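All remarks here apply to the structure that follows.
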Amino acid sequence: MSLEFAYYPGCAAKQVQKEAASSAEAVAKILGITLKPMPRATCCGAVSLRESKPAFSLAVAARILTEAEAMGHDLCTICNTCLQTLNYANYRFKHEPEILEQINGVLKKAGVRPYEATIKVHHLLWVVTEQVDPQVLQSKVKKPLNGMNVAPFYGCHSQRPGEIFEARKGENVDQLDQLIRAIGGNSVQYDGKDKCCGFHVMLSDKNEMRTMVGQNCLDAKDSGAEMMISPCTLCDMAMGAYQGPAEKVMGKSIDLPEMNFAQLLGIALGVDDATLGMARLHVDPVPALKKRNI
Amino acid sequence: MESRKYTLRIQRNQKQDDGSIASEWQEFTVEGGETTTILTLLESVKGYQDGSLTFRQSCRSAICGSCAMRIGDRTRLACKTHIGSVVDENGLVSISPQRNQPVLKDLAIDIDPFFKKIKEIKPYLLDGPESDTQVGASAYDQVNNVTQCIMCGSCYSDCTMSEVSENYLGPAALAKAFRFVSDPREGKKTERLKSLSEDHGMWSCVRCVQCVATCPKDVKPMEAIVKLRTRGIEKGFIDGVGQRHAMAFHNDITNTGDLNEFTLLSRSVGIFGSIAELGVAFHLMKKGKIPSPFPHKAEGIQEVRAMYKDLEENPLDVETKAAEVEPE
Ligand code: FES
């Protein structure tokens, strides 16, 4: 099976969280997944654009989806919010033909190829855990996690609403757990694993956002986590960069290294630290890795 | 229906003399088929094993909303939930009271905070200048989902913002507010949108979609909140951080195609807010993470501008509409 995708990293992975992109690209290469750039793609607009300009947001999504369709590939992203936004639009295009027709009318007038609603929108995590042969993944692991307790933090936008995620296999959201186990770790079960990182109210409800980060991290730590991973560049920013401010609100030290799933996978696959952007993490993961002889 | 043994792991809560709650988990073995409801099993525990087990119930038909409790990984109606759909591979399920409201005993909570929020949004039609006397069939398109709400509190219990904020209105109250804002007969639509735009209102939703996933009656509270925001922006209530943040997106997309994270901060929170955020910004800077002020330009950006201009001149109504309600 050829694993080729139109690659849509999302704005955060092109800027603030670019280590997630370089890690994702490195692990994809090792696992035989081809990620092809989309030069025409813009920002997906997230839920924000859906709020301020609902019709324009669908047109923007259709223009992104049609580029992938013209390339002859499904789309693959590494940001939960992009994943949800594009899947939401795609779901509507596939279930509401009149909306697709209206939006295609807008595309055509602007000189854009109409979208035929034939592709699916994947997350790289799903591709790695559900489409790559588990034996191939196994065989590429150079530095197994040696039983490290890793907390999976799924982030809202890769889980809900369940019906829109056509490319995810089955009902279960356990891909991070699967991945952690596949590379030799132990996946930690804790209450916060399907909760919210607070990213979208980072600026409007500061204390609340920091409390969310603090509670989720402390919850994971109390359940034995030595490390936390997420499949979302926005969750990474919240749970990583905001852990310091969260400590102030919680009045407690947290000190839980957090990284993108592609970074931890990259470590296990033997990708070098510079490509993985290890120096860009907010909580130094080295002590936790050393403890497990990684 | 084949009968088998299941384990209910129930959180027992008991008020102490000092007002605190003592909690412990207790396991009960019960017998039932795959489609036996949790409520039936709780009744059998109460009837045959421990008469002191406390929980609420009334209609047994997913109508009254009394029996909402945490069952497995989320809040559900005990009378609507089949045991077979929630147990793990060992036939066990954990049951605890709703979250985000004070526990009284075992699975019963004090639902007053929830209803206080509902009352806060004035859950009735208000007289006023915007009241329309003609009600067309399309009025149901927006009102229908929300009128299915049975006030069970499930969404409030699973709401990730309500967990960290006592003041946030919460999904059910906001959905109800949307129901009035979109009712043609309502006289004070604009006034409602104005007060909902204030702190701890519609802009405090984190959009985690938990309420949509949890609601046993398909009310889709977060969808209602997104629509409230669109209407609020249209009415010009754009003077908050959340609103400004939302508005920044279409400017950037039509400009270069990518979100400009460098200036997003100052546009969302204004210059004073930006300085307050500098603590975090400094942290980002140390890690080499201040975004470039010049994001790359997507190819064909003029197409995006043309689409934008077209839609501004010829607006399209793409709002989702509620399906006809069928009796369950
Ligand atoms: S008993 Fe009335 S809703 Fe369950």
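Lettering and numbering for the structure tokens are positional, with chains as A, B, ... in the shown order, residues counted from 1 in each chain, and ligands counted from 1 in the shown order.
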Assign secondary structure with DSSP using the backbone only, and return the residues of stretch 174-288 of chain A in strand (DSSP E or B) as number ranges by chain.
A: 186-187, 227-230, 258-260
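Taking only C-alpha atoms and all ligand atoms into account, every polymer residue with at least one atom at most 10 Å away from ligand 1 is listed here: Ile38, Leu39, Arg56, Gln57, Ser58, Cys59, Arg60, Ser61, Ala62, Ile63, Cys64, Gly65, Ser66, Cys67, Ala68, Met69, Arg76, Leu77, Ala78, Cys79, Lys80, Thr81, Ile150, Met151, Cys152 and Pro216 of chain B.
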Kindly export the residues of the current selection with N, CA, C and O atoms, as a compact mmCIF listing (two decimals), in the first residue's frame.
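Output (again29.txt):
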```txt
# COMPACT_ATOMS: atom_id res chain seq x y z
N ILE B 38 -28.83 1.08 33.18
CA ILE B 38 -28.10 1.32 34.43
C ILE B 38 -29.09 1.61 35.55
O ILE B 38 -28.93 1.16 36.68
N LEU B 39 -30.17 2.35 35.22
CA LEU B 39 -31.14 2.69 36.26
C LEU B 39 -31.78 1.43 36.85
O LEU B 39 -31.89 1.30 38.07
N ARG B 56 -31.13 9.88 41.98
CA ARG B 56 -32.42 10.46 41.57
C ARG B 56 -32.96 9.75 40.34
O ARG B 56 -32.20 9.37 39.44
N GLN B 57 -34.27 9.65 40.26
CA GLN B 57 -34.90 9.15 39.06
C GLN B 57 -36.37 9.48 39.12
O GLN B 57 -36.92 9.71 40.19
N SER B 58 -37.01 9.54 37.96
CA SER B 58 -38.45 9.74 37.97
C SER B 58 -39.11 9.09 36.76
O SER B 58 -39.79 8.09 36.88
N CYS B 59 -38.87 9.64 35.56
CA CYS B 59 -39.68 9.23 34.41
C CYS B 59 -39.28 7.89 33.79
O CYS B 59 -40.09 7.24 33.16
N ARG B 60 -38.04 7.49 33.96
CA ARG B 60 -37.50 6.27 33.35
C ARG B 60 -37.54 6.32 31.82
O ARG B 60 -37.38 5.30 31.17
N SER B 61 -37.77 7.46 31.23
CA SER B 61 -37.94 7.54 29.77
C SER B 61 -37.10 8.64 29.13
O SER B 61 -37.47 9.14 28.08
N ALA B 62 -36.03 9.07 29.76
CA ALA B 62 -35.17 10.11 29.20
C ALA B 62 -35.93 11.40 28.92
O ALA B 62 -35.71 12.06 27.92
N ILE B 63 -36.86 11.74 29.80
CA ILE B 63 -37.66 12.94 29.61
C ILE B 63 -37.49 13.93 30.76
O ILE B 63 -37.41 15.14 30.56
N CYS B 64 -37.40 13.42 31.99
CA CYS B 64 -37.41 14.34 33.14
C CYS B 64 -36.03 14.90 33.44
O CYS B 64 -35.90 15.96 34.04
N GLY B 65 -34.99 14.17 33.06
CA GLY B 65 -33.63 14.67 33.28
C GLY B 65 -33.09 14.47 34.68
O GLY B 65 -32.04 15.00 35.03
N SER B 66 -33.77 13.70 35.53
CA SER B 66 -33.29 13.56 36.92
C SER B 66 -32.11 12.62 37.08
O SER B 66 -31.36 12.73 38.03
N CYS B 67 -31.96 11.65 36.18
CA CYS B 67 -31.04 10.55 36.47
C CYS B 67 -29.65 10.72 35.85
O CYS B 67 -28.92 9.75 35.72
N ALA B 68 -29.27 11.96 35.47
CA ALA B 68 -27.94 12.16 34.87
C ALA B 68 -26.85 11.93 35.90
O ALA B 68 -26.92 12.45 37.01
N MET B 69 -25.87 11.12 35.55
CA MET B 69 -24.74 10.84 36.44
C MET B 69 -23.55 10.42 35.59
O MET B 69 -23.71 10.12 34.41
N ARG B 76 -24.12 10.56 31.66
CA ARG B 76 -25.18 9.98 30.85
C ARG B 76 -26.45 9.86 31.68
O ARG B 76 -26.40 9.90 32.91
N LEU B 77 -27.59 9.64 31.01
CA LEU B 77 -28.84 9.36 31.71
C LEU B 77 -28.85 7.88 32.06
O LEU B 77 -28.74 7.03 31.18
N ALA B 78 -29.01 7.57 33.35
CA ALA B 78 -28.99 6.16 33.78
C ALA B 78 -30.13 5.38 33.13
O ALA B 78 -30.00 4.20 32.82
N CYS B 79 -31.26 6.07 32.88
CA CYS B 79 -32.42 5.36 32.34
C CYS B 79 -32.31 5.11 30.84
O CYS B 79 -33.09 4.37 30.27
N LYS B 80 -31.33 5.75 30.19
CA LYS B 80 -31.21 5.60 28.74
C LYS B 80 -29.98 4.77 28.37
O LYS B 80 -29.80 4.40 27.21
N THR B 81 -29.13 4.50 29.37
CA THR B 81 -27.84 3.88 29.08
C THR B 81 -27.89 2.37 29.30
O THR B 81 -28.22 1.90 30.40
N ILE B 150 -33.65 18.79 28.16
CA ILE B 150 -34.46 18.35 29.30
C ILE B 150 -33.84 18.80 30.63
O ILE B 150 -34.21 18.31 31.69
N MET B 151 -32.85 19.70 30.55
CA MET B 151 -32.25 20.28 31.76
C MET B 151 -31.68 19.21 32.70
O MET B 151 -31.83 19.32 33.91
N CYS B 152 -31.05 18.22 32.13
CA CYS B 152 -30.51 17.15 32.97
C CYS B 152 -29.18 17.54 33.59
O CYS B 152 -28.72 16.93 34.55
N PRO B 216 -27.61 13.94 25.89
CA PRO B 216 -28.42 12.76 25.53
C PRO B 216 -29.57 13.10 24.59
O PRO B 216 -30.26 12.21 24.12
```
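Shortest atom-to-atom contact with A:Asn80 among B:Trp25, B:Cys208, B:Thr35, B:Lys217: B:Cys208, counting only C-alpha atoms.
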As a check of understanding: the span from atom CA of A:Gly270 to atom CA of A:Lys142 is 5.7 Å
Review point. With only C-alpha atoms as the atoms that count, which of A:Ser139, A:Ser204, A:Ser187, A:Ser2 lies nearest to chain B?
Key: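 When distances to chain B are compared using only C-alpha atoms, the smallest one comes from A:Ser204.
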Here atom CA of B:Lys46 and atom CA of B:Pro113 stand apart by 27.8 Å
At most 7 Å is the cut-off: for each residue in chain A with any atom that close to an atom of chain B, write down the nearest atom pair and the distance in Å rounded to one decimal, counting only C-alpha atoms, chain first then increasing number, as JSON lines.
```
{"residue": "A:Cys11", "atom": "CA", "partner": "B:Leu259", "partner_atom": "CA", "distance": 6.2}
{"residue": "A:Gln15", "atom": "CA", "partner": "B:Pro291", "partner_atom": "CA", "distance": 5.3}
{"residue": "A:Val16", "atom": "CA", "partner": "B:Lys289", "partner_atom": "CA", "distance": 5.2}
{"residue": "A:Pro39", "atom": "CA", "partner": "B:Glu299", "partner_atom": "CA", "distance": 5.9}
{"residue": "A:Arg40", "atom": "CA", "partner": "B:Glu299", "partner_atom": "CA", "distance": 4.4}
{"residue": "A:Ala41", "atom": "CA", "partner": "B:Ala298", "partner_atom": "CA", "distance": 6.1}
{"residue": "A:Thr42", "atom": "CA", "partner": "B:Gly257", "partner_atom": "CA", "distance": 4.3}
{"residue": "A:Cys43", "atom": "CA", "partner": "B:Asp258", "partner_atom": "CA", "distance": 4.6}
{"residue": "A:Gly45", "atom": "CA", "partner": "B:Phe249", "partner_atom": "CA", "distance": 6.0}
{"residue": "A:Ser48", "atom": "CA", "partner": "B:Ala246", "partner_atom": "CA", "distance": 4.3}
{"residue": "A:Leu49", "atom": "CA", "partner": "B:Phe249", "partner_atom": "CA", "distance": 6.0}
{"residue": "A:Glu51", "atom": "CA", "partner": "B:Thr230", "partner_atom": "CA", "distance": 4.8}
{"residue": "A:Ser52", "atom": "CA", "partner": "B:Thr230", "partner_atom": "CA", "distance": 5.5}
{"residue": "A:Pro54", "atom": "CA", "partner": "B:Val318", "partner_atom": "CA", "distance": 6.8}
{"residue": "A:Ala55", "atom": "CA", "partner": "B:Val318", "partner_atom": "CA", "distance": 5.8}
{"residue": "A:Phe56", "atom": "CA", "partner": "B:Tyr308", "partner_atom": "CA", "distance": 6.2}
{"residue": "A:Ile99", "atom": "CA", "partner": "B:Val318", "partner_atom": "CA", "distance": 6.9}
{"residue": "A:Val106", "atom": "CA", "partner": "B:Met307", "partner_atom": "CA", "distance": 6.1}
{"residue": "A:Leu107", "atom": "CA", "partner": "B:Met307", "partner_atom": "CA", "distance": 6.7}
{"residue": "A:Ala110", "atom": "CA", "partner": "B:Glu303", "partner_atom": "CA", "distance": 5.2}
{"residue": "A:Gly111", "atom": "CA", "partner": "B:Glu303", "partner_atom": "CA", "distance": 6.6}
{"residue": "A:Val112", "atom": "CA", "partner": "B:Glu303", "partner_atom": "CA", "distance": 6.9}
{"residue": "A:Cys156", "atom": "CA", "partner": "B:Cys208", "partner_atom": "CA", "distance": 5.1}
{"residue": "A:His157", "atom": "CA", "partner": "B:Cys208", "partner_atom": "CA", "distance": 6.9}
{"residue": "A:Arg160", "atom": "CA", "partner": "B:Val209", "partner_atom": "CA", "distance": 5.9}
{"residue": "A:Pro161", "atom": "CA", "partner": "B:Ala213", "partner_atom": "CA", "distance": 6.3}
{"residue": "A:Lys195", "atom": "CA", "partner": "B:Thr160", "partner_atom": "CA", "distance": 6.7}
{"residue": "A:Cys196", "atom": "CA", "partner": "B:Cys208", "partner_atom": "CA", "distance": 6.0}
{"residue": "A:Gly198", "atom": "CA", "partner": "B:Val206", "partner_atom": "CA", "distance": 6.2}
{"residue": "A:His200", "atom": "CA", "partner": "B:Val206", "partner_atom": "CA", "distance": 5.6}
{"residue": "A:Val201", "atom": "CA", "partner": "B:Val206", "partner_atom": "CA", "distance": 5.9}
{"residue": "A:Leu203", "atom": "CA", "partner": "B:Val241", "partner_atom": "CA", "distance": 6.7}
{"residue": "A:Ser204", "atom": "CA", "partner": "B:Val241", "partner_atom": "CA", "distance": 5.3}
{"residue": "A:Asp205", "atom": "CA", "partner": "B:Ser204", "partner_atom": "CA", "distance": 6.6}
{"residue": "A:Glu208", "atom": "CA", "partner": "B:Val164", "partner_atom": "CA", "distance": 5.6}
{"residue": "A:Thr211", "atom": "CA", "partner": "B:Val164", "partner_atom": "CA", "distance": 6.6}
{"residue": "A:Met212", "atom": "CA", "partner": "B:Val164", "partner_atom": "CA", "distance": 6.8}
{"residue": "A:Arg280", "atom": "CA", "partner": "B:Lys287", "partner_atom": "CA", "distance": 5.0}
```
Create the file for the chosen residues now, containing N, CA, C and O atoms and written as a short mmCIF file (atom, residue, chain, number, x, y, z; two decimals), in the first residue's frame.
```
data_model
loop_
_atom_site.label_atom_id
_atom_site.label_comp_id
_atom_site.auth_asym_id
_atom_site.auth_seq_id
_atom_site.Cartn_x
_atom_site.Cartn_y
_atom_site.Cartn_z
N CYS A 11 -0.62 26.28 10.55
CA CYS A 11 0.17 27.49 10.81
C CYS A 11 1.12 27.35 11.99
O CYS A 11 2.26 27.81 11.94
N GLN A 15 5.34 27.88 12.20
CA GLN A 15 5.94 29.01 12.91
C GLN A 15 6.39 28.59 14.31
O GLN A 15 7.46 28.02 14.48
N VAL A 16 5.53 28.85 15.31
CA VAL A 16 5.96 28.65 16.70
C VAL A 16 6.35 27.21 17.02
O VAL A 16 7.29 26.95 17.77
N PRO A 39 1.61 23.89 -1.98
CA PRO A 39 2.06 25.29 -2.07
C PRO A 39 0.94 26.32 -2.06
O PRO A 39 1.15 27.48 -1.73
N ARG A 40 -0.25 25.91 -2.43
CA ARG A 40 -1.34 26.88 -2.52
C ARG A 40 -2.14 27.01 -1.22
O ARG A 40 -2.93 27.93 -1.08
N ALA A 41 -1.95 26.06 -0.31
CA ALA A 41 -2.81 26.01 0.87
C ALA A 41 -2.61 27.21 1.79
O ALA A 41 -1.50 27.63 2.05
N THR A 42 -3.73 27.73 2.28
CA THR A 42 -3.70 28.81 3.28
C THR A 42 -4.00 28.23 4.66
O THR A 42 -4.26 27.05 4.79
N CYS A 43 -4.00 29.10 5.65
CA CYS A 43 -4.49 28.76 6.99
C CYS A 43 -5.92 28.24 6.87
O CYS A 43 -6.68 28.71 6.03
N GLY A 45 -8.25 28.56 9.04
CA GLY A 45 -9.20 29.49 9.66
C GLY A 45 -9.69 29.07 11.04
O GLY A 45 -10.28 29.85 11.75
N SER A 48 -12.42 29.95 14.58
CA SER A 48 -12.57 31.40 14.57
C SER A 48 -13.21 31.91 13.29
O SER A 48 -14.10 32.75 13.31
N LEU A 49 -12.74 31.40 12.16
CA LEU A 49 -13.28 31.86 10.89
C LEU A 49 -14.73 31.38 10.72
O LEU A 49 -15.55 32.08 10.13
N GLU A 51 -16.77 31.29 12.97
CA GLU A 51 -17.60 32.21 13.75
C GLU A 51 -17.77 33.54 13.06
O GLU A 51 -18.86 34.08 12.98
N SER A 52 -16.65 34.08 12.54
CA SER A 52 -16.73 35.43 12.00
C SER A 52 -17.26 35.44 10.57
O SER A 52 -18.01 36.33 10.19
N PRO A 54 -18.80 32.49 8.36
CA PRO A 54 -19.11 31.06 8.16
C PRO A 54 -18.99 30.57 6.71
O PRO A 54 -18.41 29.51 6.46
N ALA A 55 -19.49 31.33 5.76
CA ALA A 55 -19.45 30.86 4.37
C ALA A 55 -18.02 30.91 3.82
O ALA A 55 -17.57 29.98 3.15
N PHE A 56 -17.31 31.99 4.15
CA PHE A 56 -15.93 32.11 3.69
C PHE A 56 -15.08 30.96 4.26
O PHE A 56 -14.21 30.43 3.58
N ILE A 99 -24.83 22.61 -0.27
CA ILE A 99 -23.78 23.50 0.25
C ILE A 99 -22.53 23.37 -0.63
O ILE A 99 -21.91 24.37 -1.02
N VAL A 106 -18.65 29.61 -5.72
CA VAL A 106 -17.73 30.67 -5.28
C VAL A 106 -16.31 30.34 -5.76
O VAL A 106 -15.58 31.21 -6.27
N LEU A 107 -15.91 29.08 -5.63
CA LEU A 107 -14.57 28.67 -6.07
C LEU A 107 -14.39 28.93 -7.57
O LEU A 107 -13.39 29.52 -7.99
N ALA A 110 -13.81 32.41 -8.63
CA ALA A 110 -12.49 32.91 -8.24
C ALA A 110 -11.37 32.17 -9.00
O ALA A 110 -10.19 32.38 -8.71
N GLY A 111 -11.75 31.31 -9.93
CA GLY A 111 -10.75 30.60 -10.73
C GLY A 111 -10.14 29.39 -10.04
O GLY A 111 -9.04 28.94 -10.37
N VAL A 112 -10.84 28.84 -9.04
CA VAL A 112 -10.33 27.67 -8.32
C VAL A 112 -11.05 26.42 -8.81
O VAL A 112 -12.25 26.46 -9.08
N CYS A 156 -8.97 18.02 22.29
CA CYS A 156 -10.39 17.91 21.92
C CYS A 156 -10.62 17.65 20.44
O CYS A 156 -11.47 16.86 20.05
N HIS A 157 -9.85 18.36 19.61
CA HIS A 157 -10.26 18.44 18.21
C HIS A 157 -9.89 17.22 17.36
O HIS A 157 -10.17 17.19 16.17
N ARG A 160 -13.64 14.88 18.97
CA ARG A 160 -15.05 15.26 18.93
C ARG A 160 -15.31 16.31 17.86
O ARG A 160 -14.45 17.17 17.66
N PRO A 161 -16.48 16.36 17.25
CA PRO A 161 -17.54 15.35 17.29
C PRO A 161 -17.18 14.12 16.46
O PRO A 161 -16.75 14.26 15.30
N LYS A 195 -9.46 15.70 28.05
CA LYS A 195 -9.97 17.05 28.35
C LYS A 195 -9.33 18.11 27.45
O LYS A 195 -8.61 17.81 26.51
N CYS A 196 -9.55 19.37 27.84
CA CYS A 196 -9.16 20.48 26.97
C CYS A 196 -7.89 21.14 27.48
O CYS A 196 -7.69 21.29 28.68
N GLY A 198 -7.18 24.23 26.77
CA GLY A 198 -7.50 25.64 27.02
C GLY A 198 -6.96 26.62 26.00
O GLY A 198 -7.17 27.82 26.11
N HIS A 200 -7.75 27.73 23.16
CA HIS A 200 -8.60 28.71 22.50
C HIS A 200 -9.11 29.82 23.41
O HIS A 200 -9.72 30.77 22.94
N VAL A 201 -8.88 29.71 24.72
CA VAL A 201 -9.23 30.83 25.59
C VAL A 201 -7.98 31.37 26.31
O VAL A 201 -8.06 32.04 27.32
N LEU A 203 -6.10 33.75 25.69
CA LEU A 203 -6.02 35.21 25.84
C LEU A 203 -7.24 35.79 26.54
O LEU A 203 -7.14 36.81 27.21
N SER A 204 -8.41 35.13 26.42
CA SER A 204 -9.62 35.74 26.99
C SER A 204 -9.88 35.29 28.43
O SER A 204 -10.39 36.06 29.22
N ASP A 205 -9.57 34.06 28.76
CA ASP A 205 -9.82 33.56 30.12
C ASP A 205 -8.53 32.97 30.66
O ASP A 205 -8.34 31.76 30.73
N GLU A 208 -8.40 30.66 33.90
CA GLU A 208 -9.09 29.41 33.63
C GLU A 208 -8.23 28.51 32.75
O GLU A 208 -8.10 27.32 32.98
N THR A 211 -5.39 27.10 34.69
CA THR A 211 -5.86 26.06 35.61
C THR A 211 -6.08 24.74 34.86
O THR A 211 -5.76 23.66 35.36
N MET A 212 -6.62 24.85 33.64
CA MET A 212 -6.81 23.63 32.84
C MET A 212 -5.47 22.94 32.60
O MET A 212 -5.33 21.74 32.80
N ARG A 280 14.07 23.18 21.95
CA ARG A 280 12.95 24.13 21.94
C ARG A 280 11.85 23.76 22.94
O ARG A 280 10.86 24.46 23.05
#
```
DSSP on the backbone, then: every residue of stretch 95-150 of chain A marked helix (DSSP H, G or I), written as an MDAnalysis selection string. chainID A and resid 95 97:109 124:131 134:140
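Neighbouring residues of A:Pro285 at 9 Å or closer, counting only C-alpha atoms and skipping chain neighbours under 2 positions away, are Met227, Leu256, Pro257, Glu258, Met259, Met278, Leu281, His282, Val283, Pro287, Ala288, Leu289 and Lys290 of chain A.
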Based on the selection just made, write N, CA, C and O atoms of those residues as a short mmCIF file (atom, residue, chain, number, x, y, z; two decimals), in the first residue's frame.
```
data_model
loop_
_atom_site.label_atom_id
_atom_site.label_comp_id
_atom_site.auth_asym_id
_atom_site.auth_seq_id
_atom_site.Cartn_x
_atom_site.Cartn_y
_atom_site.Cartn_z
N MET A 227 6.32 11.77 31.35
CA MET A 227 6.36 12.52 30.09
C MET A 227 4.92 12.62 29.59
O MET A 227 4.09 11.78 29.91
N LEU A 256 6.63 18.64 34.19
CA LEU A 256 6.33 17.44 33.39
C LEU A 256 6.72 17.72 31.94
O LEU A 256 6.10 18.55 31.29
N PRO A 257 7.77 17.06 31.43
CA PRO A 257 8.14 17.33 30.03
C PRO A 257 6.99 16.96 29.10
O PRO A 257 6.35 15.92 29.27
N GLU A 258 6.71 17.85 28.15
CA GLU A 258 5.64 17.62 27.19
C GLU A 258 6.20 17.77 25.80
O GLU A 258 7.02 18.65 25.56
N MET A 259 5.84 16.89 24.88
CA MET A 259 6.29 17.05 23.50
C MET A 259 5.25 16.50 22.54
O MET A 259 4.31 15.81 22.94
N MET A 278 14.74 19.33 20.20
CA MET A 278 14.70 19.05 21.65
C MET A 278 15.01 20.30 22.48
O MET A 278 14.47 20.48 23.57
N LEU A 281 12.00 22.66 23.64
CA LEU A 281 10.97 22.26 24.60
C LEU A 281 11.07 23.11 25.86
O LEU A 281 12.15 23.53 26.25
N HIS A 282 9.95 23.33 26.51
CA HIS A 282 9.94 24.21 27.67
C HIS A 282 10.33 23.50 28.95
O HIS A 282 10.90 24.10 29.84
N VAL A 283 9.99 22.23 29.05
CA VAL A 283 10.47 21.46 30.20
C VAL A 283 11.47 20.45 29.64
O VAL A 283 11.14 19.66 28.76
N PRO A 287 16.38 14.63 31.67
CA PRO A 287 16.42 13.80 32.88
C PRO A 287 15.45 12.60 32.80
O PRO A 287 15.81 11.48 33.19
N ALA A 288 14.25 12.86 32.29
CA ALA A 288 13.27 11.77 32.20
C ALA A 288 13.75 10.68 31.23
O ALA A 288 13.57 9.49 31.47
N LEU A 289 14.39 11.10 30.14
CA LEU A 289 14.89 10.13 29.16
C LEU A 289 16.06 9.35 29.74
O LEU A 289 16.16 8.13 29.59
N LYS A 290 16.96 10.08 30.42
CA LYS A 290 18.14 9.43 31.01
C LYS A 290 17.74 8.37 32.02
O LYS A 290 18.33 7.29 32.08
#
```
